[in-house]
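Structure below is query_0.txt: compact mmCIF, C-alpha atoms and all ligand atoms.
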```txt
# COMPACT_ATOMS: atom_id res chain seq x y z
CA MET G 184 103.91 20.99 -20.89
CA THR G 185 100.50 21.99 -19.61
CA GLU G 186 98.30 19.74 -21.69
CA GLY G 187 95.60 18.07 -19.60
CA ALA G 188 95.41 20.93 -17.11
CA LYS G 189 92.00 21.84 -15.72
CA PRO G 190 91.02 25.42 -16.55
CA LEU G 191 91.26 28.19 -13.98
CA GLY G 192 88.61 30.83 -13.47
CA PRO G 193 89.17 34.36 -14.80
CA VAL G 194 91.39 36.70 -12.76
CA PRO G 195 89.21 39.69 -11.82
CA ALA G 196 89.91 43.02 -13.48
CA GLY G 197 92.18 45.43 -11.69
CA PHE G 198 94.89 43.04 -10.52
CA GLU G 199 97.94 43.77 -12.57
CA GLY G 200 101.48 42.57 -12.24
CA GLY G 201 104.26 44.87 -11.12
CA ALA G 202 107.91 43.80 -11.24
CA GLY G 203 106.69 40.27 -11.88
CA GLU G 204 104.47 40.23 -8.80
CA LEU G 205 100.79 40.48 -8.10
CA VAL G 206 100.06 43.95 -6.76
CA ILE G 207 97.04 44.62 -4.52
CA GLY G 208 96.23 48.14 -3.40
CA GLY G 209 99.64 49.30 -4.57
CA ARG G 210 101.56 46.70 -2.54
CA THR G 211 103.30 43.57 -3.78
CA ALA G 212 102.16 40.15 -2.62
CA THR G 213 105.57 39.59 -0.98
CA ASP G 214 105.14 42.75 1.07
CA LEU G 215 101.54 41.92 2.01
CA ALA G 216 102.50 38.40 3.08
CA ALA G 217 105.53 39.51 5.10
CA GLN G 218 103.56 39.72 8.35
CA GLY G 219 102.39 36.13 8.00
CA THR G 220 100.31 33.86 5.84
CA PRO G 221 97.63 32.87 5.13
CA CYS G 222 95.87 36.21 4.80
CA PHE G 223 92.92 37.83 3.10
CA VAL G 224 93.67 41.11 1.34
CA TYR G 225 90.74 43.32 0.32
CA ALA G 226 91.40 46.18 -2.11
CA ARG G 227 89.65 49.47 -1.30
CA ALA G 228 90.08 50.83 -4.81
CA GLN G 229 88.38 47.80 -6.37
CA ILE G 230 85.39 48.05 -4.03
CA ALA G 231 85.03 51.78 -4.65
CA SER G 232 85.21 51.45 -8.43
CA ARG G 233 82.75 48.54 -8.38
CA MET G 234 80.24 50.65 -6.50
CA GLU G 235 80.81 53.60 -8.81
CA SER G 236 80.26 51.61 -12.01
CA LEU G 237 77.21 49.89 -10.52
CA ARG G 238 75.64 53.23 -9.63
CA ALA G 239 76.38 54.53 -13.11
CA ALA G 240 74.52 51.54 -14.58
CA MET G 241 71.47 51.70 -12.29
CA PRO G 242 68.68 54.29 -12.23
CA ALA G 243 69.60 57.16 -9.86
CA ARG G 244 66.50 56.44 -7.79
CA LEU G 245 67.66 52.92 -6.86
CA LYS G 246 69.33 52.57 -3.47
CA VAL G 247 72.15 50.06 -3.13
CA HIS G 248 72.40 48.19 0.17
CA TYR G 249 75.28 46.05 1.34
CA ALA G 250 74.51 42.56 2.67
CA VAL G 251 76.87 42.34 5.64
CA LYS G 252 77.09 38.55 5.70
CA ALA G 253 79.19 38.56 2.51
CA ASN G 254 82.08 40.11 4.43
CA PRO G 255 81.73 41.57 7.93
CA PHE G 256 85.45 42.46 8.41
CA GLY G 257 85.46 45.64 10.55
CA PRO G 258 87.44 48.07 8.34
CA LEU G 259 85.62 46.84 5.21
CA LEU G 260 82.26 47.20 6.94
CA ALA G 261 83.19 50.74 7.98
CA MET G 262 83.96 51.47 4.33
CA MET G 263 80.66 49.96 3.13
CA THR G 264 78.80 51.98 5.77
CA GLN G 265 80.00 55.08 3.91
CA LEU G 266 79.60 53.74 0.35
CA ALA G 267 76.22 51.99 0.50
CA ASP G 268 72.79 53.54 1.07
CA GLY G 269 71.90 50.95 3.68
CA LEU G 270 73.10 47.76 5.34
CA ASP G 271 71.27 44.45 5.53
CA ILE G 272 72.03 42.22 8.49
CA ALA G 273 70.96 38.69 9.35
CA SER G 274 71.74 38.21 13.05
CA GLY G 275 72.10 39.96 16.38
CA GLY G 276 75.86 39.50 15.99
CA GLU G 277 75.80 41.45 12.74
CA LEU G 278 73.69 44.12 14.45
CA ALA G 279 76.48 44.57 16.99
CA LEU G 280 79.01 44.79 14.13
CA VAL G 281 77.13 47.52 12.25
CA GLU G 282 76.60 49.45 15.49
CA ALA G 283 80.36 49.25 16.12
CA ALA G 284 81.02 50.39 12.54
CA GLY G 285 79.02 53.55 13.21
CA ALA G 286 76.22 52.80 10.75
CA ASP G 287 73.10 54.96 10.63
CA LEU G 288 70.72 52.43 12.19
CA ALA G 289 67.70 53.97 10.47
CA ARG G 290 69.20 52.61 7.23
CA VAL G 291 69.73 49.06 8.51
CA SER G 292 67.34 46.18 7.96
CA PHE G 293 67.37 42.81 9.68
CA ALA G 294 66.23 39.70 7.78
CA GLY G 295 66.81 36.01 8.42
CA PRO G 296 64.82 33.07 9.75
CA GLY G 297 65.02 32.05 13.39
CA LYS G 298 65.51 35.44 15.04
CA ARG G 299 65.64 34.90 18.81
CA ASP G 300 63.72 37.11 21.23
CA ASP G 301 66.93 38.74 22.47
CA GLU G 302 67.92 39.56 18.88
CA LEU G 303 64.49 41.02 18.14
CA ALA G 304 64.60 43.08 21.35
CA ALA G 305 68.04 44.46 20.44
CA ALA G 306 66.81 45.28 16.93
CA LEU G 307 63.76 47.09 18.35
CA ARG G 308 65.95 49.14 20.71
CA ALA G 309 68.34 49.99 17.87
CA GLY G 310 65.46 51.13 15.66
CA VAL G 311 66.43 49.01 12.67
CA THR G 312 63.79 47.74 10.25
CA ILE G 313 62.88 44.14 11.01
CA ASN G 314 62.03 42.07 7.94
CA LEU G 315 59.55 39.56 9.31
CA GLU G 316 59.93 36.01 8.06
CA SER G 317 56.72 34.43 9.39
CA ALA G 318 53.41 35.13 11.11
CA GLY G 319 54.84 33.70 14.34
CA GLU G 320 57.81 36.03 14.21
CA ALA G 321 55.46 38.96 13.51
CA ARG G 322 53.39 38.28 16.63
CA ARG G 323 56.48 37.72 18.78
CA THR G 324 57.97 41.00 17.58
CA LEU G 325 54.77 42.98 18.19
CA ALA G 326 54.53 41.57 21.73
CA LEU G 327 58.18 42.41 22.47
CA ALA G 328 57.69 45.93 21.09
CA GLU G 329 54.61 46.52 23.20
CA ARG G 330 56.39 45.33 26.33
CA ALA G 331 59.29 47.69 25.58
CA GLY G 332 57.03 50.61 24.65
CA ILE G 333 58.63 50.90 21.20
CA THR G 334 56.88 51.49 17.86
CA PRO G 335 58.49 48.78 15.72
CA ARG G 336 59.70 49.46 12.18
CA LEU G 337 58.47 46.43 10.28
CA ALA G 338 58.68 45.05 6.75
CA LEU G 339 57.50 41.70 5.47
CA ARG G 340 59.79 39.38 3.64
CA VAL G 341 57.76 37.67 0.95
CA ASN G 342 58.48 34.22 -0.42
CA PRO G 343 57.53 34.78 -4.07
CA ASP G 344 56.02 32.11 -6.28
CA PHE G 345 59.07 32.42 -8.55
CA GLY G 346 62.81 31.96 -8.10
CA LEU G 347 65.83 33.57 -9.76
CA LYS G 348 66.57 31.40 -12.78
CA GLY G 349 70.11 30.02 -13.02
CA SER G 350 71.07 31.35 -9.61
CA GLY G 351 73.59 29.43 -7.52
CA MET G 352 71.37 29.44 -4.45
CA LYS G 353 67.60 29.65 -4.78
CA MET G 354 66.10 31.64 -1.95
CA GLY G 355 62.55 32.02 -3.20
CA GLY G 356 59.81 30.04 -4.97
CA GLY G 357 58.29 26.79 -3.76
CA ALA G 358 58.42 25.85 -0.09
CA ARG G 359 61.07 27.86 1.78
CA PRO G 360 62.04 28.70 5.35
CA PHE G 361 62.48 32.33 4.19
CA GLY G 362 59.67 34.86 4.13
CA ILE G 363 55.89 34.65 4.13
CA ASP G 364 54.33 32.88 1.17
CA ALA G 365 53.07 35.55 -1.23
CA GLU G 366 49.47 34.31 -0.97
CA HIS G 367 49.42 35.06 2.80
CA ALA G 368 51.48 38.25 2.81
CA ALA G 369 48.74 40.85 2.37
CA ALA G 370 46.65 39.58 5.27
CA LEU G 371 49.65 39.61 7.60
CA ALA G 372 50.71 43.06 6.41
CA LYS G 373 47.24 44.41 7.23
CA GLU G 374 47.44 42.81 10.67
CA ILE G 375 50.78 44.41 11.59
CA ILE G 376 49.77 47.80 10.15
CA ALA G 377 46.58 47.66 12.22
CA ALA G 378 48.70 46.86 15.28
CA GLY G 379 50.32 50.27 14.90
CA CYS G 380 53.78 49.52 13.54
CA GLU G 381 55.80 51.87 11.38
CA TRP G 382 55.17 50.08 8.10
CA ARG G 383 58.33 49.70 5.99
CA GLY G 384 56.96 47.70 3.08
CA LEU G 385 58.18 44.52 1.42
CA HIS G 386 61.39 42.56 0.93
CA ILE G 387 61.50 40.03 -1.89
CA PHE G 388 64.74 38.10 -2.39
CA ALA G 389 64.63 35.36 -5.00
CA GLY G 390 68.19 34.04 -5.31
CA SER G 391 71.92 34.56 -5.40
CA GLN G 392 74.93 34.35 -7.76
CA ALA G 393 73.16 34.97 -11.08
CA LEU G 394 75.26 35.88 -14.13
CA ASP G 395 72.42 35.92 -16.66
CA ALA G 396 71.11 39.48 -17.11
CA GLU G 397 67.87 38.23 -18.70
CA ALA G 398 67.13 36.13 -15.60
CA VAL G 399 67.82 39.05 -13.26
CA ILE G 400 65.65 41.36 -15.39
CA ALA G 401 62.79 38.85 -15.42
CA THR G 402 63.02 38.40 -11.65
CA GLN G 403 63.10 42.14 -10.93
CA SER G 404 60.15 42.64 -13.24
CA ALA G 405 58.16 39.86 -11.56
CA THR G 406 59.12 41.32 -8.17
CA LEU G 407 57.74 44.76 -9.09
CA ASP G 408 54.53 43.11 -10.36
CA LEU G 409 54.14 41.09 -7.17
CA ALA G 410 54.81 44.14 -4.98
CA HIS G 411 52.16 46.12 -6.87
CA GLN G 412 49.63 43.32 -6.52
CA LEU G 413 50.31 42.96 -2.78
CA ALA G 414 50.12 46.72 -2.20
CA ARG G 415 46.70 46.72 -3.85
CA GLU G 416 45.55 43.85 -1.63
CA ILE G 417 46.95 45.65 1.43
CA GLY G 418 45.15 48.79 0.32
CA ALA G 419 48.03 51.23 0.76
CA PRO G 420 50.99 52.35 -1.36
CA LEU G 421 54.33 50.83 -0.35
CA PRO G 422 56.72 53.07 1.59
CA ALA G 423 59.66 50.85 0.59
CA LEU G 424 60.46 47.84 -1.54
CA ASN G 425 63.66 45.84 -1.29
CA LEU G 426 63.96 44.10 -4.67
CA GLY G 427 66.58 41.60 -3.52
CA GLY G 428 69.75 41.21 -5.51
CA GLY G 429 71.51 38.08 -6.53
CA PHE G 430 74.05 39.71 -8.86
CA GLY G 431 76.79 37.12 -9.39
CA ILE G 432 80.49 37.27 -10.18
CA PRO G 433 82.49 35.02 -12.54
CA TYR G 434 84.34 32.35 -10.58
CA PHE G 435 84.98 29.69 -13.21
CA ALA G 436 86.39 29.31 -16.70
CA GLY G 437 83.67 30.22 -19.20
CA ASP G 438 81.73 32.44 -16.77
CA ALA G 439 80.97 35.86 -18.26
CA PRO G 440 80.34 38.87 -16.02
CA LEU G 441 76.76 39.96 -15.41
CA ASP G 442 75.68 42.68 -17.86
CA VAL G 443 74.68 45.31 -15.28
CA MET G 444 74.13 47.93 -18.00
CA ALA G 445 71.31 45.76 -19.39
CA VAL G 446 69.87 45.21 -15.91
CA GLY G 447 69.99 48.94 -15.17
CA ALA G 448 68.39 49.87 -18.49
CA ALA G 449 65.50 47.45 -17.93
CA LEU G 450 65.00 48.74 -14.41
CA ALA G 451 65.01 52.36 -15.60
CA GLU G 452 62.28 51.47 -18.09
CA ARG G 453 60.14 49.96 -15.33
CA PHE G 454 60.82 52.89 -12.97
CA ALA G 455 59.61 55.31 -15.64
CA ASN G 456 56.15 53.70 -15.57
CA LEU G 457 55.54 52.70 -11.97
CA PRO G 458 51.97 52.21 -10.76
CA GLU G 459 50.68 54.46 -7.98
CA THR G 460 51.26 51.74 -5.40
CA LEU G 461 55.02 52.03 -5.98
CA ALA G 462 55.33 55.63 -7.12
CA GLU G 463 56.54 56.94 -3.74
CA ALA G 464 58.33 53.78 -2.60
CA GLU G 465 61.97 53.81 -1.64
CA LEU G 466 63.39 51.19 -4.02
CA ALA G 467 66.53 49.24 -3.14
CA ILE G 468 68.62 46.28 -4.12
CA GLU G 469 70.81 44.39 -1.65
CA LEU G 470 74.14 43.01 -2.77
CA GLY G 471 76.99 41.27 -1.02
CA ARG G 472 79.13 39.17 -3.32
CA TYR G 473 78.89 41.54 -6.30
CA LEU G 474 80.20 44.51 -4.30
CA VAL G 475 83.15 42.89 -2.53
CA GLY G 476 83.76 39.38 -3.89
CA GLU G 477 86.21 40.21 -6.66
CA ALA G 478 88.08 42.74 -4.51
CA GLY G 479 89.50 40.09 -2.19
CA VAL G 480 92.53 37.84 -2.60
CA TYR G 481 93.53 34.96 -0.34
CA LEU G 482 97.31 34.65 -0.07
CA THR G 483 98.85 31.43 1.14
CA ARG G 484 102.45 30.20 1.16
CA ILE G 485 103.73 26.93 -0.26
CA VAL G 486 105.28 24.83 2.51
CA ASP G 487 105.94 21.66 0.54
CA ARG G 488 106.23 20.52 -3.03
CA LYS G 489 105.82 16.81 -3.60
CA GLU G 490 105.26 14.29 -6.33
CA SER G 491 102.85 11.40 -5.98
CA ARG G 492 102.55 8.82 -8.72
CA GLY G 493 103.20 11.30 -11.48
CA GLU G 494 101.28 14.26 -10.07
CA THR G 495 102.70 17.38 -8.46
CA PHE G 496 101.22 18.78 -5.27
CA LEU G 497 101.91 22.26 -3.95
CA VAL G 498 101.02 22.04 -0.28
CA THR G 499 100.16 25.42 1.26
CA ASP G 500 99.73 26.82 4.76
CA GLY G 501 96.11 27.72 3.91
CA GLY G 502 93.05 25.73 2.94
CA LEU G 503 89.34 25.17 3.15
CA HIS G 504 89.22 26.31 6.78
CA HIS G 505 89.52 29.83 5.31
CA GLN G 506 88.32 29.34 1.74
CA LEU G 507 85.67 26.67 1.84
CA ALA G 508 84.07 27.88 -1.39
CA ALA G 509 87.30 27.61 -3.43
CA SER G 510 87.60 23.99 -2.32
CA GLY G 511 84.22 23.35 -3.92
CA ASN G 512 82.45 22.46 -0.69
CA PHE G 513 80.14 25.48 -0.29
CA GLY G 514 77.03 25.20 -2.44
CA THR G 515 78.59 23.67 -5.57
CA VAL G 516 77.78 20.34 -7.15
CA VAL G 517 80.87 19.82 -9.30
CA ARG G 518 84.25 21.09 -8.13
CA ARG G 519 85.83 23.60 -10.55
CA ASN G 520 88.90 25.77 -10.14
CA TYR G 521 88.66 29.32 -8.85
CA PRO G 522 91.06 31.78 -10.47
CA LEU G 523 94.47 31.37 -8.86
CA ALA G 524 98.06 32.32 -9.54
CA ILE G 525 101.58 32.12 -8.17
CA ALA G 526 101.54 35.63 -6.74
CA ASN G 527 105.29 36.25 -6.71
CA ARG G 528 105.68 34.92 -10.29
CA PHE G 529 102.59 36.58 -11.61
CA ASP G 530 103.94 37.36 -15.07
CA ALA G 531 105.80 34.07 -15.57
CA PRO G 532 104.50 31.63 -18.20
CA ALA G 533 102.63 28.51 -17.09
CA THR G 534 104.98 25.57 -17.62
CA ASP G 535 103.83 23.13 -14.95
CA ILE G 536 100.68 21.28 -13.98
CA ALA G 537 100.23 21.13 -10.23
CA SER G 538 97.44 20.68 -7.73
CA VAL G 539 97.39 23.31 -5.00
CA VAL G 540 96.18 21.81 -1.75
CA GLY G 541 95.68 23.09 1.78
CA CYS G 542 97.27 21.90 5.01
CA LEU G 543 94.19 20.10 6.36
CA CYS G 544 94.26 16.34 6.69
CA THR G 545 91.27 15.73 4.42
CA PRO G 546 91.02 14.97 0.70
CA LEU G 547 88.46 17.80 0.42
CA ASP G 548 91.16 20.42 0.96
CA ILE G 549 91.89 21.36 -2.67
CA LEU G 550 92.40 24.99 -3.71
CA GLY G 551 93.29 24.26 -7.33
CA GLN G 552 93.16 20.96 -9.16
CA ARG G 553 95.68 20.17 -11.93
CA ALA G 554 96.27 23.85 -12.62
CA ALA G 555 98.62 25.18 -15.29
CA LEU G 556 101.04 27.41 -13.34
CA PRO G 557 104.58 28.74 -13.47
CA ARG G 558 106.95 26.35 -11.73
CA ALA G 559 106.65 27.03 -8.00
CA GLY G 560 108.12 25.64 -4.82
CA VAL G 561 108.55 26.08 -1.10
CA GLY G 562 108.25 29.73 -0.05
CA ASP G 563 106.32 30.89 -3.09
CA LEU G 564 102.93 32.53 -2.63
CA VAL G 565 99.64 31.32 -4.07
CA ALA G 566 96.87 33.87 -4.69
CA VAL G 567 93.30 32.59 -4.77
CA PHE G 568 91.07 35.28 -6.29
CA CYS G 569 87.37 36.04 -5.74
CA ALA G 570 88.00 35.75 -2.01
CA GLY G 571 86.28 38.94 -0.89
CA ALA G 572 82.88 37.40 -0.14
CA TYR G 573 81.95 34.28 1.85
CA GLY G 574 85.61 33.54 2.59
CA ALA G 575 86.87 34.18 6.11
CA SER G 576 83.43 34.34 7.70
CA ALA G 577 81.86 31.42 5.80
CA SER G 578 84.58 28.80 6.34
CA PRO G 579 85.12 26.40 9.24
CA ALA G 580 88.07 28.28 10.81
CA SER G 581 88.20 26.05 13.90
CA PHE G 582 88.56 22.84 11.93
CA LEU G 583 91.89 21.20 12.78
CA GLY G 584 93.04 24.05 14.98
CA HIS G 585 95.05 26.13 12.52
CA GLY G 586 93.25 29.30 13.52
CA PRO G 587 91.81 32.16 11.49
CA ALA G 588 93.55 33.97 8.64
CA ARG G 589 94.71 37.56 9.01
CA GLU G 590 92.54 40.07 7.13
CA MET G 591 93.61 43.42 5.69
CA LEU G 592 91.94 46.23 3.79
CA VAL G 593 94.52 48.02 1.65
C1 LIG I 601 72.77 36.43 1.45
C2 LIG I 601 71.77 37.44 1.17
C3 LIG I 601 72.08 38.53 0.34
C4 LIG I 601 73.41 38.69 -0.32
O1 LIG I 601 73.58 37.79 -1.36
P1 LIG I 601 74.79 37.96 -2.38
O2 LIG I 601 74.68 36.81 -3.28
O3 LIG I 601 76.04 37.96 -1.57
O4 LIG I 601 74.62 39.28 -3.06
C5 LIG I 601 71.11 39.48 0.14
N1 LIG I 601 69.90 39.37 0.71
C6 LIG I 601 69.57 38.33 1.51
C7 LIG I 601 68.21 38.27 2.09
C8 LIG I 601 70.48 37.34 1.75
O5 LIG I 601 70.14 36.30 2.53
```
Step by step, read the file and then write its structure as structure tokens.
Ligand SMILES: *Cc1c(COP(=O)(O)O)cnc(C)c1O
Amino acid sequence: MTEGAKPLGPVPAGFEGGAGELVIGGRTATDLAAQGTPCFVYARAQIASRMESLRAAMPARLKVHYAVKANPFGPLLAMMTQLADGLDIASGGELALVEAAGADLARVSFAGPGKRDDELAAALRAGVTINLESAGEARRTLALAERAGITPRLALRVNPDFGLKGSGMKMGGGARPFGIDAEHAAALAKEIIAAGCEWRGLHIFAGSQALDAEAVIATQSATLDLAHQLAREIGAPLPALNLGGGFGIPYFAGDAPLDVMAVGAALAERFANLPETLAEAELAIELGRYLVGEAGVYLTRIVDRKESRGETFLVTDGGLHHQLAASGNFGTVVRRNYPLAIANRFDAPATDIASVVGCLCTPLDILGQRAALPRAGVGDLVAVFCAGAYGASASPASFLGHGPAREMLV
């Protein structure tokens, strides 16, 4: 009896059963978990096919960058270094990671508020493009570059006067710590160009986790209009324009995937009629979650099964210290269930209602609430899907001393 269960999100495409088990990258969950749980498993094939279908949908001219903060795991980053046209980083720590991954530093750009002098100096030495977030940061960077005798490669991040409608996290529009308000951007651009930098154009990022193609299309269109207007005010064509991204993935019941064909078609139409200010610009989008989010699975083992006043709890060895977002405590207002499954009974019918919880001593540590699942007990494996982005690196791994989860690219 599974009446009264709360719905689970949709299992991402490409994860099929095999001999009754979830199979990831050709290996069964039991095999993958044999070296210890909890673990994150990222599937190469899923990432590669996602990139391939995205490129097929987008105009050939559009570059696709990978936003490293979505998942900086070394082997995955090395793979993205090959697959993507560029990498976007947001800290000196991420700069060290992309250097270690062997990235072409001429195709790396560094955004993010609050860059310290030592981070800026390292970025100048590495020759990455620095996306300036404020007039203060611009002056600090120019002074550091002069002292080091380096011609800085600079772009301006612009805080547009619009946001990405329906996006999970608004990153533009209104008052923001990110970027230079659009109305002040041209004057600052002229100042840094006059100071002798290598001018790398504009970066306009309006939001994240959007599933509505119309909203993405409207934002990209407004971004191209704003870039054109700013280039005219600056008085020079743009060498490059980073259009942002914000492509979302379906996490919850009822979410439909973003229609990237529609987004690509609209972009192709705009690209066919670009004004002179943008005609020669290198045009890029930057994506994290969309490229890797659905390719990751978090595997955790059930260590206890208990009943409490009529409800069943499956207590696992994992939890919000690895998968904060699945617990509903990372940028969500109402907690809803991520897609999850009993990985070693993947094809079995759902006959039970159980809440899957983590091992942390806090009521926040819920991985699945009142989920309809096959009957499961101690030793069985729970798979939490959509774990490829903002999982391991965006969760409080030190909380309660359980330590980090193992990560694998298969
Ligand atoms: C976080 C971030 C991204 C990546 O966002 P996703 O939703 O993971 O695609 C891209 N650009 C900037 C500036 C960001 O801060």
- Message: If we count all atoms listed in the file and set the cut-off at 6 Å, which residues sit around Ala464 of chain G, ignoring sequence neighbours fewer than 2 positions away in its own chain? Please answer as number ranges by chain.
- Response: G: 421-423, 461-462, 466
- Task: Go through the chains and note each residue within 6 Å of ligand LIG 601 (chain I), using only C-alpha atoms and all ligand atoms, then give the set as a PyMOL selection string.
- Result: chain G and resi 250+253+388+391-392+427-430+469-473
- Between G:Ala537, G:Ile376, G:Ile525, G:Ala338, smallest distance to Pro190 of chain G by all atoms listed in the file belongs to G:Ala537
- Do you have the atom CA of Gly285 of chain G-atom CA of Pro258 of chain G distance handy?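 That distance, rounded to one decimal, is 11.2 Å.
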- Message: When you count all atoms listed in the file, which of these residues is closest to Pro579 of chain G: G:Pro557, G:Pro360, G:Gly502, G:Gly514?
- Response: G:Gly502
- Query: If we count all atoms listed in the file, what is near segment 202-204 of chain G at a cut-off of 6 Å, once residues fewer than 3 positions away on the same chain are taken out, given as a list in words?
  - Reply: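 So the residues in contact are Ala526, Asn527, Arg528, Phe529 and Asp530 of chain G.
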